[in-house]
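Written below as structure tokens is the structure these notes are about.
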Amino acid sequence: MIAHLVGKITEKLDNSVIIDVQGVGYEVTIPASEIGSINLEDQIKFYTYHAIRENSEELYGFSSLTAKRLFEMLISVNGVGPKAAVSILSLGSPEDVRNAIANADTKFIAKASGIGKKSAERVIVDLRDRVGAPSRIGATEAKTIQAEPLPEDEALDALIALGFPLKEATAALAEVDHNLSIEDRIRLALKK
């Protein structure tokens, strides 16, 4: 299993990039929300999901562990494959998608290519209890793809890397002041 890739971006395609890792080029499908922030020749690290099917092998890449864990939750839903999951994650940041699921915002999820109303409802029913409490209440606005990446919560990524499920990590960090340093937030969340 390929857990992550670190290398230089050599080509940008419609929904994927080619990353050169010591002379070997890997094509990695990534959410559209991340393609705008990647430039050719950037040195980058992707957390990957290796999808093996009967007639193909594909790599899906994410700039954060949070996004990868959310992707893995999405593909666990009946009828949502890797391409549909990437389409959902392309709607915005991982936090936007997590909030849409937590708030039962079917309209936001249904905007993803290949996801209809029924599939959006299934995603919410299956994952609402697993993604944690929403950090924002109300409907999620679909954002246009931005050139600047949205800030990721490094404390949340660290807790997930330590083995905490997304729901528990989100709940622990919700009780900690967001203005503290990343290290202090992690330390206080671990005490909860």
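So you can find residues: chains in the structure tokens are A, B, ... in the order shown, residues in each start at 1, and ligands are numbered from 1 in order.
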
Step one, run DSSP on the backbone; step two, keep only residues of stretch 2-183 of chain A assigned to strand (DSSP E); then write them as number ranges by chain. A: 4-12, 16-21, 24-29, 43-52, 57-62

Secondary structure check, helix (DSSP H, G or I) residues of stretch 39-123 of chain A, as a PyMOL selection string: chain A and resi 65-75+82-89+94-102+106-110+117-123

Spatial neighbours of stretch 55-58 of chain A, 9 Å, only C-alpha atoms, chain gap at least 2 places, as a ChimeraX atom specification: /A:27-29,49-53,60

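Residues with any atom within 10 Å of A:Thr48, counting only C-alpha atoms and excluding same-chain neighbours fewer than 4 positions away, are Met1, Ile2, Ala3, His4, Leu5, Val28, Thr29, Ile30, Glu58, Leu59, Tyr60, Gly61, Phe62, Ser63, Ser64, Leu65 and Lys68 of chain A.
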
May I have a table of the residues of stretch 40-70 of chain A lying at most 9 Å from stretch 162-179 of chain A, giving each one's closest pair of atoms and their distance in Å to one decimal, counting only C-alpha atoms, ordered by chain and ascending residue number, as JSON lines?
```
{"residue": "A:Thr66", "atom": "CA", "partner": "A:Leu166", "partner_atom": "CA", "distance": 7.4}
{"residue": "A:Arg69", "atom": "CA", "partner": "A:Leu166", "partner_atom": "CA", "distance": 7.4}
{"residue": "A:Leu70", "atom": "CA", "partner": "A:Leu166", "partner_atom": "CA", "distance": 8.0}
```

Mind checking which residues fall within 9 Å of A:Glu11, counting only C-alpha atoms, ignoring those fewer than 6 positions away in the same chain, and posting them as a PyMOL selection string? chain A and resi 17-19+39-41

Write a file of the selected residues as an mmCIF file, in the first residue's frame, keeping N, CA, C and O atoms.
```
data_model
loop_
_atom_site.group_PDB
_atom_site.id
_atom_site.type_symbol
_atom_site.label_atom_id
_atom_site.label_comp_id
_atom_site.auth_asym_id
_atom_site.auth_seq_id
_atom_site.Cartn_x
_atom_site.Cartn_y
_atom_site.Cartn_z
ATOM 1 N N VAL A 17 -2.436 15.216 -11.130
ATOM 2 C CA VAL A 17 -1.081 15.742 -11.319
ATOM 3 C C VAL A 17 -0.138 14.561 -11.457
ATOM 4 O O VAL A 17 -0.461 13.441 -11.048
ATOM 5 N N ILE A 18 1.013 14.808 -12.051
ATOM 6 C CA ILE A 18 2.061 13.795 -12.082
ATOM 7 C C ILE A 18 3.160 14.277 -11.157
ATOM 8 O O ILE A 18 3.658 15.395 -11.299
ATOM 9 N N ILE A 19 3.483 13.443 -10.189
ATOM 10 C CA ILE A 19 4.499 13.774 -9.197
ATOM 11 C C ILE A 19 5.707 12.874 -9.435
ATOM 12 O O ILE A 19 5.568 11.655 -9.508
ATOM 13 N N ASN A 39 1.543 24.383 -8.160
ATOM 14 C CA ASN A 39 2.279 24.891 -9.319
ATOM 15 C C ASN A 39 3.272 23.841 -9.797
ATOM 16 O O ASN A 39 3.737 23.012 -9.015
ATOM 17 N N LEU A 40 3.610 23.907 -11.087
ATOM 18 C CA LEU A 40 4.643 23.019 -11.615
ATOM 19 C C LEU A 40 5.941 23.271 -10.865
ATOM 20 O O LEU A 40 6.224 24.396 -10.450
ATOM 21 N N GLU A 41 6.708 22.220 -10.672
ATOM 22 C CA GLU A 41 7.997 22.245 -9.981
ATOM 23 C C GLU A 41 7.875 22.380 -8.463
ATOM 24 O O GLU A 41 8.883 22.438 -7.774
#
```

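Residue nearest A:Lys111 within the list A:Gly81, A:Leu159, A:Gly36, A:Leu91: A:Leu91 [criterion: smallest interatomic distance, only C-alpha atoms].
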
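Picture a line from atom CA of A:Ile182 to atom CA of A:Ala158; it runs 9.2 Å.
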
List the neighbours of A:Phe108 out to 12 Å using only C-alpha atoms; skip same-chain residues closer than 2 positions along the sequence, and give me the result as number ranges by chain. A: 87-92, 96-106, 110-113, 115-117, 119-121, 123-124, 138-143

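For A:Gly7, the set of protein, DNA and RNA residues having any atom at most 7 Å away, when counting only C-alpha atoms and skipping those fewer than 3 positions along the same chain, is Ile19, Asp20, Val21, Gln43, Ile44 and Lys45 of chain A.
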
In Å to one decimal, how far is atom CA of A:Ser76 from atom CA of A:Lys192? 28.6 Å

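Going from atom CA of A:Arg130 to atom CA of A:Met73 covers 8.4 Å.
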